[in-house]
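run_30.tsv (TSV, C-alpha atoms) appears below.
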chain	number	residue	atom	x	y	z
A	1	MET	CA	0.00	0.00	0.00
A	2	ASN	CA	1.38	3.37	-0.94
A	3	ARG	CA	0.10	6.30	1.03
A	4	SER	CA	-0.02	9.73	-0.53
A	5	VAL	CA	-1.48	13.04	0.33
A	6	MET	CA	-3.91	14.15	-2.34
A	7	THR	CA	-5.01	17.21	-0.50
A	8	VAL	CA	-4.67	18.09	3.08
A	9	ALA	CA	-6.61	21.28	3.34
A	10	LEU	CA	-6.78	22.40	6.91
A	11	LEU	CA	-8.87	25.38	7.72
A	12	ALA	CA	-8.88	27.12	11.07
A	13	LEU	CA	-12.60	27.63	11.56
A	14	VAL	CA	-13.20	28.07	15.26
A	15	ALA	CA	-10.97	29.66	17.88
A	16	GLY	CA	-10.60	27.85	21.20
A	17	ALA	CA	-12.57	28.91	24.22
A	18	ALA	CA	-10.97	31.53	26.43
A	19	GLY	CA	-9.19	30.13	29.45
A	20	CYS	CA	-8.80	26.62	27.96
A	21	GLU	CA	-5.36	25.32	27.20
A	22	PHE	CA	-5.22	23.56	23.86
A	23	HIS	CA	-2.47	23.27	21.32
A	24	ALA	CA	-2.65	25.76	18.45
A	25	ARG	CA	-0.99	24.20	15.42
A	26	SER	CA	0.08	25.94	12.25
A	27	PRO	CA	-1.54	24.52	9.10
A	28	GLU	CA	1.69	22.64	8.37
A	29	GLN	CA	1.83	21.17	11.89
A	30	TYR	CA	-1.83	20.22	11.65
A	31	ARG	CA	-1.15	18.42	8.34
A	32	ASP	CA	1.93	16.63	9.67
A	33	ASP	CA	0.27	15.59	12.95
A	34	THR	CA	-2.80	14.35	11.11
A	35	GLN	CA	-0.62	12.30	8.72
A	36	LYS	CA	1.17	10.74	11.70
A	37	LEU	CA	-2.17	9.89	13.29
A	38	LEU	CA	-3.41	8.21	10.12
A	39	ALA	CA	-0.11	6.32	9.84
A	40	THR	CA	-0.91	4.59	13.16
A	41	LYS	CA	-3.58	2.67	11.22
A	42	SER	CA	-1.26	1.47	8.45
A	43	SER	CA	-1.31	-2.17	9.59
A	44	GLU	CA	-5.13	-2.18	9.72
A	45	LEU	CA	-5.30	-0.55	6.29
A	46	GLN	CA	-2.89	-3.14	4.92
A	47	ALA	CA	-5.12	-5.86	6.39
A	48	CYS	CA	-8.08	-4.28	4.58
A	49	TYR	CA	-6.18	-4.44	1.32
A	50	ASP	CA	-4.94	-7.98	1.91
A	51	ALA	CA	-8.51	-9.15	2.56
A	52	ALA	CA	-9.73	-7.44	-0.63
A	53	LEU	CA	-6.89	-9.03	-2.62
A	54	LYS	CA	-8.19	-12.48	-1.70
A	55	GLN	CA	-11.25	-11.69	-3.81
A	56	ASN	CA	-9.36	-10.00	-6.67
A	57	LYS	CA	-5.60	-10.56	-7.10
A	58	THR	CA	-5.19	-7.46	-9.29
A	59	LEU	CA	-7.19	-5.08	-7.12
A	60	GLY	CA	-5.84	-1.57	-6.80
A	61	GLY	CA	-7.07	1.96	-6.50
A	62	THR	CA	-7.33	4.99	-4.31
A	63	VAL	CA	-9.49	5.56	-1.27
A	64	THR	CA	-9.89	9.25	-0.53
A	65	VAL	CA	-11.48	10.27	2.75
A	66	LYS	CA	-12.62	13.59	4.12
A	67	PHE	CA	-13.00	14.30	7.80
A	68	VAL	CA	-13.23	16.98	10.45
A	69	VAL	CA	-10.92	17.12	13.47
A	70	LYS	CA	-12.98	18.47	16.36
A	71	GLU	CA	-11.46	21.28	18.32
A	72	GLU	CA	-10.79	20.62	22.00
A	73	THR	CA	-11.20	16.82	21.67
A	74	GLY	CA	-9.10	16.00	18.60
A	75	GLU	CA	-11.66	13.40	17.53
A	76	LEU	CA	-11.96	12.63	13.82
A	77	THR	CA	-15.61	13.10	12.91
A	78	LYS	CA	-17.66	13.09	9.74
A	79	VAL	CA	-15.24	10.58	8.21
A	80	ALA	CA	-16.58	9.92	4.72
A	81	LEU	CA	-15.47	8.86	1.26
A	82	ASP	CA	-14.69	11.53	-1.28
A	83	PRO	CA	-16.20	9.92	-4.38
A	84	ALA	CA	-14.34	12.28	-6.70
A	85	GLY	CA	-10.98	10.91	-5.53
A	86	THR	CA	-11.93	7.28	-4.87
A	87	THR	CA	-11.37	4.53	-7.43
A	88	ALA	CA	-11.28	1.47	-5.15
A	89	VAL	CA	-14.21	-0.94	-4.73
A	90	ALA	CA	-16.71	-0.92	-1.87
A	91	PRO	CA	-15.34	-3.73	0.32
A	92	LEU	CA	-11.99	-1.95	0.51
A	93	THR	CA	-13.46	1.52	1.00
A	94	ASP	CA	-15.79	0.27	3.74
A	95	CYS	CA	-12.91	-1.35	5.59
A	96	VAL	CA	-10.79	1.82	5.38
A	97	LEU	CA	-13.63	3.90	6.85
A	98	THR	CA	-14.06	1.40	9.68
A	99	ALA	CA	-10.32	1.41	10.42
A	100	LEU	CA	-10.31	5.20	10.84
A	101	ASN	CA	-13.15	5.22	13.39
A	102	GLY	CA	-12.18	6.35	16.86
A	103	LEU	CA	-8.99	8.21	15.97
A	104	LYS	CA	-8.11	11.26	18.05
A	105	LEU	CA	-5.42	13.85	17.49
A	106	ASN	CA	-3.43	14.31	20.68
A	107	PRO	CA	-3.00	16.88	21.98
A	108	PRO	CA	-6.22	18.37	20.64
A	109	ASP	CA	-6.14	21.69	18.85
A	110	ALA	CA	-7.86	24.94	19.72
A	111	ARG	CA	-9.26	25.03	16.18
A	112	GLU	CA	-11.35	22.67	14.14
A	113	GLY	CA	-9.59	21.18	11.13
A	114	GLN	CA	-10.95	19.89	7.86
A	115	ALA	CA	-8.89	17.45	5.84
A	116	SER	CA	-8.84	15.18	2.84
A	117	PHE	CA	-6.43	12.26	2.58
A	118	ALA	CA	-5.83	9.65	-0.10
A	119	PHE	CA	-4.62	6.09	0.42
A	120	ASP	CA	-3.23	4.41	-2.71
A	121	PHE	CA	-3.44	0.64	-2.93
A	122	GLN	CA	-1.47	-1.14	-5.67
A	123	SER	CA	-1.32	-4.86	-6.30
A	124	LYS	CA	2.03	-6.48	-6.78
A	125	THR	CA	1.34	-9.08	-9.40
A	126	VAL	CA	4.21	-11.20	-10.58
A	127	GLY	CA	4.57	-11.58	-14.33
A	128	SER	CA	4.89	-15.02	-15.80
A	129	ALA	CA	8.35	-16.18	-16.82
A	130	LYS	CA	9.03	-16.52	-20.54

Kindly transcribe the structure held in the file into structure tokens.
Amino acid sequence: MNRSVMTVALLALVAGAAGCEFHARSPEQYRDDTQKLLATKSSELQACYDAALKQNKTLGGTVTVKFVVKEETGELTKVALDPAGTTAVAPLTDCVLTALNGLKLNPPDAREGQASFAFDFQSKTVGSAK
């Protein structure tokens, strides 16, 4: 599985509440921290792909997800497929969405973040010898 960032668009939408101590990341830090968080699921995502390969040995494609990182909690919410950037089949996309459930950015940020991330899955078929 190759992982690539299609678009990580992070928008600071809401300022943190006064008196609360939360991390305030730059857009670059937000992107990097979110990528690291998603990377913690790489073994589960690989398992999703391996399971899908059992059904189709040449399966490949991209699963693009969009999500919101809630301010103050860091929880990934509204995790959904971005159909415009997704080429993989439903069993794989469903598994990726399930694998991302429950993720939380730690420490949380004082601002809400919106992101899009693409996971590229490529089969490694072996050519026949001539």

Contacts of segment 96-102 of chain A within 12 Å, all atoms listed in the file, excl. fewer than 4 positions in-chain, as a ChimeraX atom specification: /A:34,37-52,62-67,69,73-82,86,88-92,117-121

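Ranking A:Glu71, A:Asn56, A:Gln114, A:Thr93 by their shortest atom-to-atom distance to His23 of chain A, with only C-alpha atoms included, puts A:Glu71 first.
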
Residue nearest Ala84 of chain A among A:Gln35, A:Pro107, A:Ser116, A:Glu28 (counting only C-alpha atoms):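 Nearest candidate to Ala84 of chain A out of A:Gln35, A:Pro107, A:Ser116, A:Glu28: A:Ser116.
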
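The coordinates place atom CA of Glu112 of chain A at 5.0 Å from atom CA of Lys70 of chain A.
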
Top pick for closest residue to Leu59 of chain A, considering A:Thr87, A:Arg25, A:Leu103, A:Pro108 and counting only C-alpha atoms: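 The shortest atom-to-atom distance to Leu59 of chain A comes from A:Thr87.
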
Point-to-point distance from atom CA of Gly113 of chain A to atom CA of Tyr30 of chain A, Å rounded to tenths: 7.8 Å

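A straight line drawn from atom CA of Gly61 of chain A to atom CA of Asp33 of chain A is 24.9 Å long.
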
Nearest residue to Arg31 of chain A from the set A:Gly85, A:Asp94, A:Leu105, A:Ser123 (distances using all atoms listed in the file): A:Leu105
